[in-house]
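run-v1.txt (compact mmCIF, C-alpha atoms) appears below.
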```txt
# COMPACT_ATOMS: atom_id res chain seq x y z
CA MET A 1 -5.00 -7.10 -1.15
CA SER A 2 -3.91 -6.59 -4.70
CA PHE A 3 -6.08 -4.48 -6.93
CA ILE A 4 -6.65 -5.64 -10.51
CA ASN A 5 -7.95 -2.98 -12.88
CA TYR A 6 -9.11 -4.44 -16.19
CA SER A 7 -9.97 -1.00 -17.48
CA SER A 8 -6.49 0.50 -17.17
CA ARG A 9 -4.93 -3.01 -17.40
CA GLU A 10 -3.00 -2.62 -14.18
CA ILE A 11 -2.26 -4.81 -11.23
CA ASN A 12 -1.33 -3.06 -7.99
CA CYS A 13 0.27 -4.80 -5.03
CA LYS A 14 1.30 -3.63 -1.57
CA ILE A 15 4.56 -4.68 0.07
CA VAL A 16 5.41 -3.69 3.65
CA TYR A 17 8.94 -3.52 5.09
CA TYR A 18 8.77 -4.42 8.79
CA GLY A 19 11.41 -4.63 11.50
CA PRO A 20 12.79 -3.06 14.68
CA GLY A 21 13.72 0.61 15.00
CA LEU A 22 16.81 1.70 13.03
CA CYS A 23 17.15 -1.66 11.25
CA GLY A 24 17.27 0.03 7.82
CA LYS A 25 13.74 -0.18 6.40
CA THR A 26 13.76 3.41 5.16
CA THR A 27 17.34 2.95 3.90
CA ASN A 28 16.14 0.03 1.75
CA LEU A 29 13.48 2.22 0.15
CA GLN A 30 15.87 5.13 -0.30
CA TYR A 31 18.36 2.89 -2.08
CA ILE A 32 15.64 1.48 -4.36
CA TYR A 33 14.44 5.02 -5.07
CA ASN A 34 17.95 6.26 -5.91
CA LYS A 35 18.73 3.35 -8.22
CA THR A 36 15.45 3.15 -10.13
CA ASN A 37 14.84 4.84 -13.48
CA PRO A 38 12.70 7.98 -13.12
CA GLU A 39 10.01 6.57 -15.43
CA ALA A 40 9.59 3.47 -13.24
CA LYS A 41 9.07 5.24 -9.94
CA GLY A 42 6.82 7.82 -8.35
CA LYS A 43 7.66 10.27 -5.61
CA MET A 44 8.97 8.81 -2.38
CA ILE A 45 7.04 10.07 0.62
CA SER A 46 8.52 9.95 4.11
CA LEU A 47 6.34 10.90 7.05
CA ALA A 48 9.18 11.31 9.52
CA THR A 49 10.03 13.24 12.68
CA GLU A 50 12.51 16.13 12.64
CA THR A 51 15.24 13.65 13.53
CA GLU A 52 14.35 11.53 10.48
CA ARG A 53 12.78 8.70 12.43
CA THR A 54 9.75 7.29 10.61
CA LEU A 55 6.60 8.64 12.25
CA PHE A 56 3.87 7.01 10.17
CA PHE A 57 5.25 5.45 6.99
CA ASP A 58 7.48 5.80 3.94
CA PHE A 59 5.86 5.16 0.60
CA LEU A 60 7.44 4.40 -2.77
CA PRO A 61 5.43 3.44 -5.87
CA LEU A 62 7.33 1.31 -8.41
CA SER A 63 6.45 -0.01 -11.85
CA LEU A 64 8.07 -3.32 -12.72
CA GLY A 65 6.93 -3.80 -16.30
CA GLU A 66 4.19 -5.80 -17.96
CA ILE A 67 2.88 -9.33 -17.55
CA ARG A 68 0.45 -10.51 -20.22
CA GLY A 69 -0.43 -6.94 -21.09
CA PHE A 70 -0.99 -5.86 -17.49
CA LYS A 71 1.25 -3.20 -15.96
CA THR A 72 2.54 -4.39 -12.60
CA ARG A 73 2.83 -1.73 -9.94
CA PHE A 74 4.22 -2.29 -6.49
CA HIS A 75 3.59 0.06 -3.60
CA LEU A 76 6.38 -0.23 -1.05
CA TYR A 77 5.66 0.90 2.50
CA THR A 78 7.76 0.91 5.66
CA VAL A 79 6.37 0.93 9.18
CA PRO A 80 7.75 3.00 12.08
CA GLY A 81 10.01 0.59 13.95
CA GLN A 82 9.95 2.16 17.38
CA VAL A 83 7.94 0.11 19.86
CA PHE A 84 5.49 2.85 20.85
CA TYR A 85 4.22 3.36 17.29
CA ASP A 86 2.34 0.07 17.31
CA ALA A 87 -1.02 1.64 16.42
CA SER A 88 0.49 3.05 13.21
CA ARG A 89 2.10 -0.28 12.30
CA LYS A 90 -1.26 -2.03 12.46
CA LEU A 91 -2.80 0.49 10.08
CA ILE A 92 -0.07 0.09 7.48
CA LEU A 93 -0.46 -3.69 7.37
CA LYS A 94 -4.04 -3.33 6.10
CA GLY A 95 -4.37 -4.75 2.62
CA VAL A 96 -0.78 -6.05 2.53
CA ASP A 97 0.20 -8.53 -0.19
CA GLY A 98 3.72 -9.34 0.98
CA VAL A 99 6.05 -8.58 3.90
CA VAL A 100 9.81 -8.06 4.09
CA PHE A 101 11.20 -8.41 7.59
CA VAL A 102 14.40 -6.37 7.88
CA ALA A 103 16.47 -7.74 10.75
CA ASP A 104 19.31 -5.77 12.33
CA SER A 105 22.29 -8.15 12.32
CA GLN A 106 24.02 -6.48 15.27
CA ILE A 107 24.24 -8.92 18.15
CA GLU A 108 22.86 -6.39 20.65
CA ARG A 109 19.70 -5.96 18.51
CA MET A 110 18.74 -9.64 18.63
CA GLU A 111 16.09 -9.11 21.29
CA ALA A 112 14.63 -6.22 19.32
CA ASN A 113 14.48 -8.42 16.19
CA LEU A 114 12.64 -11.18 18.03
CA GLU A 115 10.24 -8.73 19.63
CA SER A 116 9.49 -7.10 16.27
CA MET A 117 8.94 -10.48 14.57
CA GLU A 118 6.45 -11.45 17.26
CA ASN A 119 4.79 -8.05 16.93
CA LEU A 120 4.49 -8.60 13.16
CA ARG A 121 2.81 -11.96 13.68
CA THR A 122 0.36 -10.50 16.21
CA ASN A 123 -0.49 -7.43 14.15
CA LEU A 124 -1.01 -9.49 10.99
CA ALA A 125 -3.29 -11.86 12.89
CA GLU A 126 -5.37 -8.87 14.03
CA GLN A 127 -5.92 -8.02 10.36
CA GLY A 128 -6.86 -11.62 9.57
CA TYR A 129 -3.53 -12.68 8.04
CA ASP A 130 -1.30 -15.59 8.99
CA LEU A 131 2.43 -14.84 8.74
CA ASP A 132 3.03 -18.47 7.76
CA LYS A 133 0.71 -18.16 4.77
CA ILE A 134 1.41 -14.79 3.16
CA PRO A 135 4.38 -14.01 0.87
CA PHE A 136 7.22 -13.33 3.30
CA VAL A 137 11.00 -12.86 3.03
CA ILE A 138 13.66 -11.93 5.59
CA GLN A 139 16.65 -9.64 5.11
CA TYR A 140 19.63 -9.73 7.49
CA ASN A 141 20.77 -6.14 7.20
CA LYS A 142 23.97 -4.39 8.36
CA ARG A 143 26.18 -7.37 7.45
CA ASP A 144 29.05 -4.91 7.01
CA LEU A 145 29.18 -3.99 10.71
CA PRO A 146 31.87 -5.61 12.88
CA ASN A 147 29.42 -6.57 15.62
CA ALA A 148 27.10 -8.49 13.26
CA ALA A 149 25.95 -11.86 14.59
CA GLY A 150 26.57 -14.97 12.50
CA VAL A 151 24.03 -15.66 9.77
CA ASP A 152 23.48 -19.17 11.12
CA GLU A 153 22.40 -17.77 14.45
CA LEU A 154 20.10 -15.21 12.81
CA LYS A 155 18.52 -17.93 10.68
CA ARG A 156 18.02 -20.18 13.68
CA LEU A 157 16.30 -17.48 15.70
CA LEU A 158 14.36 -15.61 13.05
CA ASN A 159 13.77 -18.01 10.21
CA PRO A 160 12.71 -21.43 11.53
CA ARG A 161 10.45 -21.97 8.48
CA SER A 162 13.32 -21.25 6.06
CA VAL A 163 11.51 -18.60 4.03
CA PRO A 164 13.72 -16.91 1.39
CA ASP A 165 16.33 -14.83 3.22
CA PHE A 166 19.08 -12.45 2.15
CA GLU A 167 22.17 -10.83 3.60
CA ALA A 168 22.29 -7.11 3.02
CA SER A 169 24.04 -3.82 3.68
CA ALA A 170 21.31 -1.41 2.70
CA THR A 171 23.45 1.74 2.98
CA VAL A 172 25.60 0.53 0.08
CA GLY A 173 22.79 -1.44 -1.56
CA ASN A 174 24.04 -5.00 -1.15
CA GLY A 175 21.10 -7.39 -1.10
CA VAL A 176 18.46 -4.66 -1.43
CA PHE A 177 17.24 -5.56 -4.91
CA ASP A 178 17.59 -9.31 -4.29
CA THR A 179 15.18 -8.91 -1.39
CA LEU A 180 12.74 -6.82 -3.44
CA LYS A 181 12.78 -9.22 -6.37
CA ALA A 182 12.17 -12.20 -4.08
CA ILE A 183 9.12 -10.67 -2.40
CA ALA A 184 7.72 -9.36 -5.71
CA LYS A 185 8.02 -12.83 -7.21
CA LEU A 186 6.29 -14.43 -4.24
CA VAL A 187 3.45 -11.90 -4.44
CA LEU A 188 2.95 -12.51 -8.16
CA THR A 189 3.11 -16.26 -7.67
CA GLU A 190 0.43 -15.96 -5.00
CA LEU A 191 -1.68 -13.95 -7.42
CA LYS A 192 -1.22 -16.66 -10.02
CA LYS A 193 -2.65 -19.13 -7.53
CA GLY A 194 -5.64 -16.83 -7.19
CA GLY A 195 -4.71 -15.64 -3.70
CA MET B 1 -7.15 -13.66 3.58
CA ALA B 2 -8.45 -10.59 5.35
CA ASP B 3 -10.09 -8.63 2.55
CA GLN B 4 -11.44 -9.74 -0.72
CA GLN B 5 -9.30 -8.80 -3.68
CA MET B 6 -10.64 -5.80 -5.57
CA VAL B 7 -11.17 -6.40 -9.27
CA MET B 8 -12.30 -3.51 -11.45
CA TYR B 9 -13.98 -4.34 -14.78
CA GLU B 10 -14.47 -2.08 -17.77
CA GLU B 11 -18.21 -1.60 -17.32
CA GLU B 12 -18.05 -0.66 -13.63
CA PHE B 13 -15.04 1.53 -14.26
CA ARG B 14 -17.01 3.55 -16.83
CA GLN B 15 -19.92 3.96 -14.42
CA ILE B 16 -17.59 5.05 -11.62
CA ALA B 17 -15.77 7.50 -13.89
CA ALA B 18 -19.11 9.00 -14.97
CA ILE B 19 -20.18 9.54 -11.35
CA CYS B 20 -16.85 11.22 -10.53
CA GLU B 21 -17.20 13.44 -13.60
CA ARG B 22 -20.72 14.51 -12.59
CA LEU B 23 -19.64 15.08 -8.98
CA THR B 24 -16.78 17.34 -10.12
CA ARG B 25 -19.24 19.40 -12.15
CA GLU B 26 -22.13 19.53 -9.68
CA ALA B 27 -19.95 20.24 -6.65
CA ASN B 28 -17.89 22.89 -8.48
CA ALA B 29 -14.88 20.88 -7.38
CA LYS B 30 -11.33 21.36 -8.58
CA ALA B 31 -10.82 17.60 -8.60
CA VAL B 32 -12.42 14.38 -7.44
CA LEU B 33 -10.44 11.22 -6.67
CA LEU B 34 -11.59 7.76 -5.79
CA VAL B 35 -9.04 5.59 -3.98
CA ASP B 36 -9.08 2.14 -2.46
CA LYS B 37 -8.94 2.12 1.38
CA ASN B 38 -5.58 0.36 1.07
CA GLY B 39 -4.12 3.32 -0.81
CA GLN B 40 -4.55 2.21 -4.42
CA TYR B 41 -5.63 4.90 -6.86
CA ILE B 42 -8.83 4.01 -8.76
CA THR B 43 -9.79 7.05 -10.83
CA SER B 44 -9.99 10.83 -10.82
CA ASN B 45 -11.64 13.72 -12.58
CA GLY B 46 -11.11 17.48 -12.89
CA GLU B 47 -7.89 19.45 -12.75
CA THR B 48 -5.54 16.59 -11.92
CA ASN B 49 -2.65 17.31 -14.29
CA ASP B 50 -0.58 18.97 -11.58
CA LEU B 51 -1.60 16.49 -8.89
CA ASP B 52 0.51 13.51 -7.86
CA THR B 53 -2.52 11.22 -7.68
CA THR B 54 -0.54 8.13 -6.60
CA SER B 55 0.87 9.94 -3.57
CA LEU B 56 -2.48 11.54 -2.86
CA ALA B 57 -4.15 8.12 -2.87
CA SER B 58 -1.62 6.69 -0.44
CA LEU B 59 -1.81 9.66 1.93
CA ALA B 60 -5.63 9.76 1.79
CA ALA B 61 -5.69 6.10 2.83
CA GLY B 62 -3.16 6.82 5.60
CA THR B 63 -5.22 9.77 6.85
CA ASN B 64 -8.38 7.68 6.80
CA ALA B 65 -6.70 4.81 8.62
CA ALA B 66 -5.35 7.16 11.30
CA THR B 67 -8.72 8.89 11.69
CA ASN B 68 -10.46 5.56 12.14
CA GLY B 69 -7.81 4.59 14.67
CA LEU B 70 -8.67 7.77 16.59
CA ALA B 71 -12.40 6.97 16.36
CA LYS B 72 -11.90 3.56 17.91
CA LEU B 73 -9.81 5.06 20.72
CA ILE B 74 -12.72 7.25 21.80
CA GLY B 75 -15.35 4.57 21.30
CA GLU B 76 -16.68 5.65 17.89
CA LYS B 77 -17.14 3.15 15.06
CA ASP B 78 -15.50 5.46 12.53
CA PHE B 79 -15.54 9.02 11.20
CA PRO B 80 -17.05 8.44 7.75
CA ASN B 81 -16.68 12.07 6.60
CA ASN B 82 -13.66 14.31 7.12
CA PHE B 83 -12.89 17.85 6.09
CA LEU B 84 -9.47 19.53 5.85
CA GLU B 85 -9.56 23.29 5.41
CA GLY B 86 -6.68 25.16 3.80
CA GLU B 87 -6.06 28.76 2.73
CA LYS B 88 -6.71 28.09 -0.95
CA TYR B 89 -7.82 24.50 -1.17
CA ASN B 90 -9.92 22.19 0.95
CA LEU B 91 -10.24 18.42 0.99
CA HIS B 92 -13.36 16.43 1.82
CA PHE B 93 -13.02 12.68 2.42
CA SER B 94 -15.87 10.21 2.64
CA ILE B 95 -15.92 6.44 2.92
CA VAL B 96 -17.79 4.54 0.23
CA ALA B 97 -19.13 1.04 0.89
CA GLN B 98 -16.38 0.40 3.48
CA ARG B 99 -14.02 -0.16 0.51
CA ALA B 100 -13.06 3.17 -1.00
CA ILE B 101 -12.45 6.81 -0.15
CA LEU B 102 -14.03 9.57 -2.20
CA VAL B 103 -11.80 12.65 -2.10
CA VAL B 104 -13.13 16.04 -3.25
CA MET B 105 -10.68 18.91 -3.65
CA PHE B 106 -12.34 22.32 -3.86
CA ASP B 107 -11.62 26.03 -3.54
CA GLN B 108 -13.64 29.22 -3.05
CA ARG B 109 -15.73 28.44 -6.13
CA SER B 110 -17.57 25.87 -4.00
CA SER B 111 -18.56 25.40 -0.37
CA LEU B 112 -18.51 22.63 2.21
CA GLY B 113 -22.32 22.51 2.21
CA LEU B 114 -22.55 22.00 -1.54
CA VAL B 115 -19.78 19.40 -1.53
CA ARG B 116 -21.46 17.44 1.28
CA LEU B 117 -24.77 17.48 -0.54
CA ARG B 118 -23.33 16.24 -3.82
CA VAL B 119 -21.05 13.70 -2.16
CA LYS B 120 -23.99 12.08 -0.40
CA ARG B 121 -25.73 11.15 -3.65
CA ALA B 122 -22.51 10.13 -5.40
CA SER B 123 -21.51 7.92 -2.44
CA GLU B 124 -24.80 6.04 -2.54
CA GLU B 125 -24.47 5.41 -6.26
CA LEU B 126 -20.85 4.34 -5.93
CA ALA B 127 -21.75 1.98 -3.08
CA ASN B 128 -24.23 0.19 -5.36
CA ILE B 129 -21.58 -0.24 -8.03
CA PHE B 130 -19.04 -1.55 -5.54
CA GLY B 131 -21.60 -4.05 -4.27
CA ALA B 132 -22.22 -5.31 -7.79
CA MET B 133 -18.49 -5.38 -8.49
CA LEU B 134 -17.74 -7.56 -5.46
CA GLN B 135 -20.46 -10.01 -6.43
CA LYS B 136 -19.11 -10.17 -9.95
CA ALA B 137 -15.55 -10.75 -8.71
CA GLN B 138 -16.80 -13.62 -6.52
CA SER B 139 -18.54 -15.30 -9.42
CA GLN B 140 -15.62 -14.94 -11.84
CA ALA B 141 -12.80 -17.45 -12.03
CA GLN B 142 -10.34 -16.79 -9.22
CA GLY B 143 -7.07 -15.22 -10.19
CA ALA B 144 -7.92 -14.75 -13.86
CA PRO B 145 -6.07 -13.65 -15.94
CA PHE B 146 -3.13 -14.34 -13.68
CA GLY B 147 -3.91 -18.02 -13.32
CA GLU B 148 -2.33 -18.39 -16.73
CA ILE B 149 0.94 -16.60 -16.11
CA THR B 150 4.01 -18.78 -16.00
CA ASP B 151 7.08 -18.67 -13.81
CA ASP B 152 8.93 -17.48 -16.92
CA ASP B 153 6.57 -14.48 -17.23
CA ILE B 154 7.44 -13.55 -13.65
CA ASP B 155 11.16 -14.13 -14.18
CA ASN B 156 11.11 -11.99 -17.31
CA LEU B 157 9.99 -9.00 -15.26
CA PHE B 158 13.27 -9.14 -13.44
CA SER B 159 15.65 -9.77 -16.29
CA GLU B 160 17.97 -6.79 -16.43
```

What's the structure tokens form of this structure?
Amino acid sequence: MSFINYSSREINCKIVYYGPGLCGKTTNLQYIYNKTNPEAKGKMISLATETERTLFFDFLPLSLGEIRGFKTRFHLYTVPGQVFYDASRKLILKGVDGVVFVADSQIERMEANLESMENLRTNLAEQGYDLDKIPFVIQYNKRDLPNAAGVDELKRLLNPRSVPDFEASATVGNGVFDTLKAIAKLVLTELKKGG
Amino acid sequence: MADQQMVMYEEEFRQIAAICERLTREANAKAVLLVDKNGQYITSNGETNDLDTTSLASLAAGTNAATNGLAKLIGEKDFPNNFLEGEKYNLHFSIVAQRAILVVMFDQRSSLGLVRLRVKRASEELANIFGAMLQKAQSQAQGAPFGEITDDDIDNLFSE
């Protein structure tokens, strides 16, 4: 849940990037980190294995500016995508304000996308959240690869509720900030409602 | 929603800061940090100029979450106090009111026994404040002051 501090006039929110292994969650954060002004970001932390697979989480604190005199800070987290790290994924979802599902557009990763989406729904439910009720956006990543499935098919399988969705190529940055802006807006709108 | 939103008001913040200041002094600590269990930094005291408190808050919450995961695996409810011993510095973590983590960083000027003793009293006092704070948040208008923000306010954040 967001944390409102009247004393320091800050509002802090937590956004989690979810998705199957190697879909580009960490790449999204790395791109955001590289393209953000130094004064607007903190240190990026990656708890990864020696082969640079996420072991626990990546963490990137971002400042977006002020709303009505309150500084808005977003804490971006990724989860480890590999199936056997499920215990870690559950922990990272605690206190989440918004979720970005990063789908791997490659046709051969469709099963992995569906499995991860179902895993997200289950793990959120365990924490008392309903995926259909929290701020949620989907990113179809790796659109630049030749074996990418059609967007229509990805939408049909992964986005039956038509939540905001974006095509992306995170390695070169396409769609990365569009996705971030969309989820940040949804989180702030939820806050406005008193969520 | 799963947890209740944490709202920190001026009065409680001052009380919390005063307890952290006293704990730093009485425990001979290098620094004391209070962080939300979800990884949000609340406040700190002591020699924190060289510390990346935002990262520390996030990692403390991650450590706590992992430790509690381990507890559940072996049939424990949780491990409310944890101690990490280093060559120069040590870290002591304790859970406050199921909502926050009190982190004490200390060196050879202090000892684990002293830190534990001082943390116990500070934790109890902090728990009372957190209890009062949650009640206050429940009785206040939901979402204020954000109930008044407009879509334009949100859009303006993202104008290049």

Problem - Test item: chain A residues at most 8 Å from chain B, counting all atoms listed in the file, as a ChimeraX atom specification - result: /A:1-7,12,42-43,45,59,61,64-68,87-88,91-92,94-95,127-129,181,185,188-189,191-195

What would the file look like if the residues just selected were written as a PDB file, in the coordinates of the input with C-alpha atoms?
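Saved result, part17.pdb, follows:
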```pdb
ATOM      1  CA  MET A   1      -5.000  -7.100  -1.150  1.00  0.00           C
ATOM      2  CA  SER A   2      -3.910  -6.590  -4.700  1.00  0.00           C
ATOM      3  CA  PHE A   3      -6.080  -4.480  -6.930  1.00  0.00           C
ATOM      4  CA  ILE A   4      -6.650  -5.640 -10.510  1.00  0.00           C
ATOM      5  CA  ASN A   5      -7.950  -2.980 -12.880  1.00  0.00           C
ATOM      6  CA  TYR A   6      -9.110  -4.440 -16.190  1.00  0.00           C
ATOM      7  CA  SER A   7      -9.970  -1.000 -17.480  1.00  0.00           C
ATOM      8  CA  ASN A  12      -1.330  -3.060  -7.990  1.00  0.00           C
ATOM      9  CA  GLY A  42       6.820   7.820  -8.350  1.00  0.00           C
ATOM     10  CA  LYS A  43       7.660  10.270  -5.610  1.00  0.00           C
ATOM     11  CA  ILE A  45       7.040  10.070   0.620  1.00  0.00           C
ATOM     12  CA  PHE A  59       5.860   5.160   0.600  1.00  0.00           C
ATOM     13  CA  PRO A  61       5.430   3.440  -5.870  1.00  0.00           C
ATOM     14  CA  LEU A  64       8.070  -3.320 -12.720  1.00  0.00           C
ATOM     15  CA  GLY A  65       6.930  -3.800 -16.300  1.00  0.00           C
ATOM     16  CA  GLU A  66       4.190  -5.800 -17.960  1.00  0.00           C
ATOM     17  CA  ILE A  67       2.880  -9.330 -17.550  1.00  0.00           C
ATOM     18  CA  ARG A  68       0.450 -10.510 -20.220  1.00  0.00           C
ATOM     19  CA  ALA A  87      -1.020   1.640  16.420  1.00  0.00           C
ATOM     20  CA  SER A  88       0.490   3.050  13.210  1.00  0.00           C
ATOM     21  CA  LEU A  91      -2.800   0.490  10.080  1.00  0.00           C
ATOM     22  CA  ILE A  92      -0.070   0.090   7.480  1.00  0.00           C
ATOM     23  CA  LYS A  94      -4.040  -3.330   6.100  1.00  0.00           C
ATOM     24  CA  GLY A  95      -4.370  -4.750   2.620  1.00  0.00           C
ATOM     25  CA  GLN A 127      -5.920  -8.020  10.360  1.00  0.00           C
ATOM     26  CA  GLY A 128      -6.860 -11.620   9.570  1.00  0.00           C
ATOM     27  CA  TYR A 129      -3.530 -12.680   8.040  1.00  0.00           C
ATOM     28  CA  LYS A 181      12.780  -9.220  -6.370  1.00  0.00           C
ATOM     29  CA  LYS A 185       8.020 -12.830  -7.210  1.00  0.00           C
ATOM     30  CA  LEU A 188       2.950 -12.510  -8.160  1.00  0.00           C
ATOM     31  CA  THR A 189       3.110 -16.260  -7.670  1.00  0.00           C
ATOM     32  CA  LEU A 191      -1.680 -13.950  -7.420  1.00  0.00           C
ATOM     33  CA  LYS A 192      -1.220 -16.660 -10.020  1.00  0.00           C
ATOM     34  CA  LYS A 193      -2.650 -19.130  -7.530  1.00  0.00           C
ATOM     35  CA  GLY A 194      -5.640 -16.830  -7.190  1.00  0.00           C
ATOM     36  CA  GLY A 195      -4.710 -15.640  -3.700  1.00  0.00           C
TER      37      GLY A 195
END
```

Fill in the blank from the handout: Closest of B:Ser44, B:Gln135, B:Asn128, B:Asn28 to B:Val103, counting only C-alpha atoms, is B:Ser44

Exercise for the section: Determine the nearest neighbour of B:His92 from the options B:Glu124, B:Ala29, B:Thr48, B:Met133, counting only C-alpha atoms. Expected result: B:Ala29

Problem - 7 Å contact set for B:Phe106, all atoms listed in the file, chain neighbours under 6 positions out, as a ChimeraX atom specification - result: /B:29-31,89-91

Just the selected residues (C-alpha atoms), exported as a tab-separated table (two decimals), keeping the file's coordinate frame, please.
```tsv
chain	number	residue	atom	x	y	z
B	29	ALA	CA	-14.88	20.88	-7.38
B	30	LYS	CA	-11.33	21.36	-8.58
B	31	ALA	CA	-10.82	17.60	-8.60
B	89	TYR	CA	-7.82	24.50	-1.17
B	90	ASN	CA	-9.92	22.19	0.95
B	91	LEU	CA	-10.24	18.42	0.99
```

Practice task
Tell me which of A:Asn159, A:Asn147, A:Ser46, A:Ser105 sits closest to A:Leu131, counting only C-alpha atoms.
Solution key: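 Residue with the minimum atom-to-atom distance to A:Leu131: A:Asn159.
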
Practice task
Could you tell me how far atom CA of A:Met117 lies from atom CA of A:Phe177, in Å and to one decimal?
Solution key: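 Taking atom CA of A:Met117 and atom CA of A:Phe177, their separation equals 21.7 Å.
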
Exercise for the section: Select, from A:Ala168, A:Leu114, A:Ile138, A:Val16, the residue with the minimum atom-to-atom distance to A:Leu76, counting only C-alpha atoms. Expected result: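 Among A:Ala168, A:Leu114, A:Ile138, A:Val16, it is A:Val16 that comes nearest to A:Leu76.
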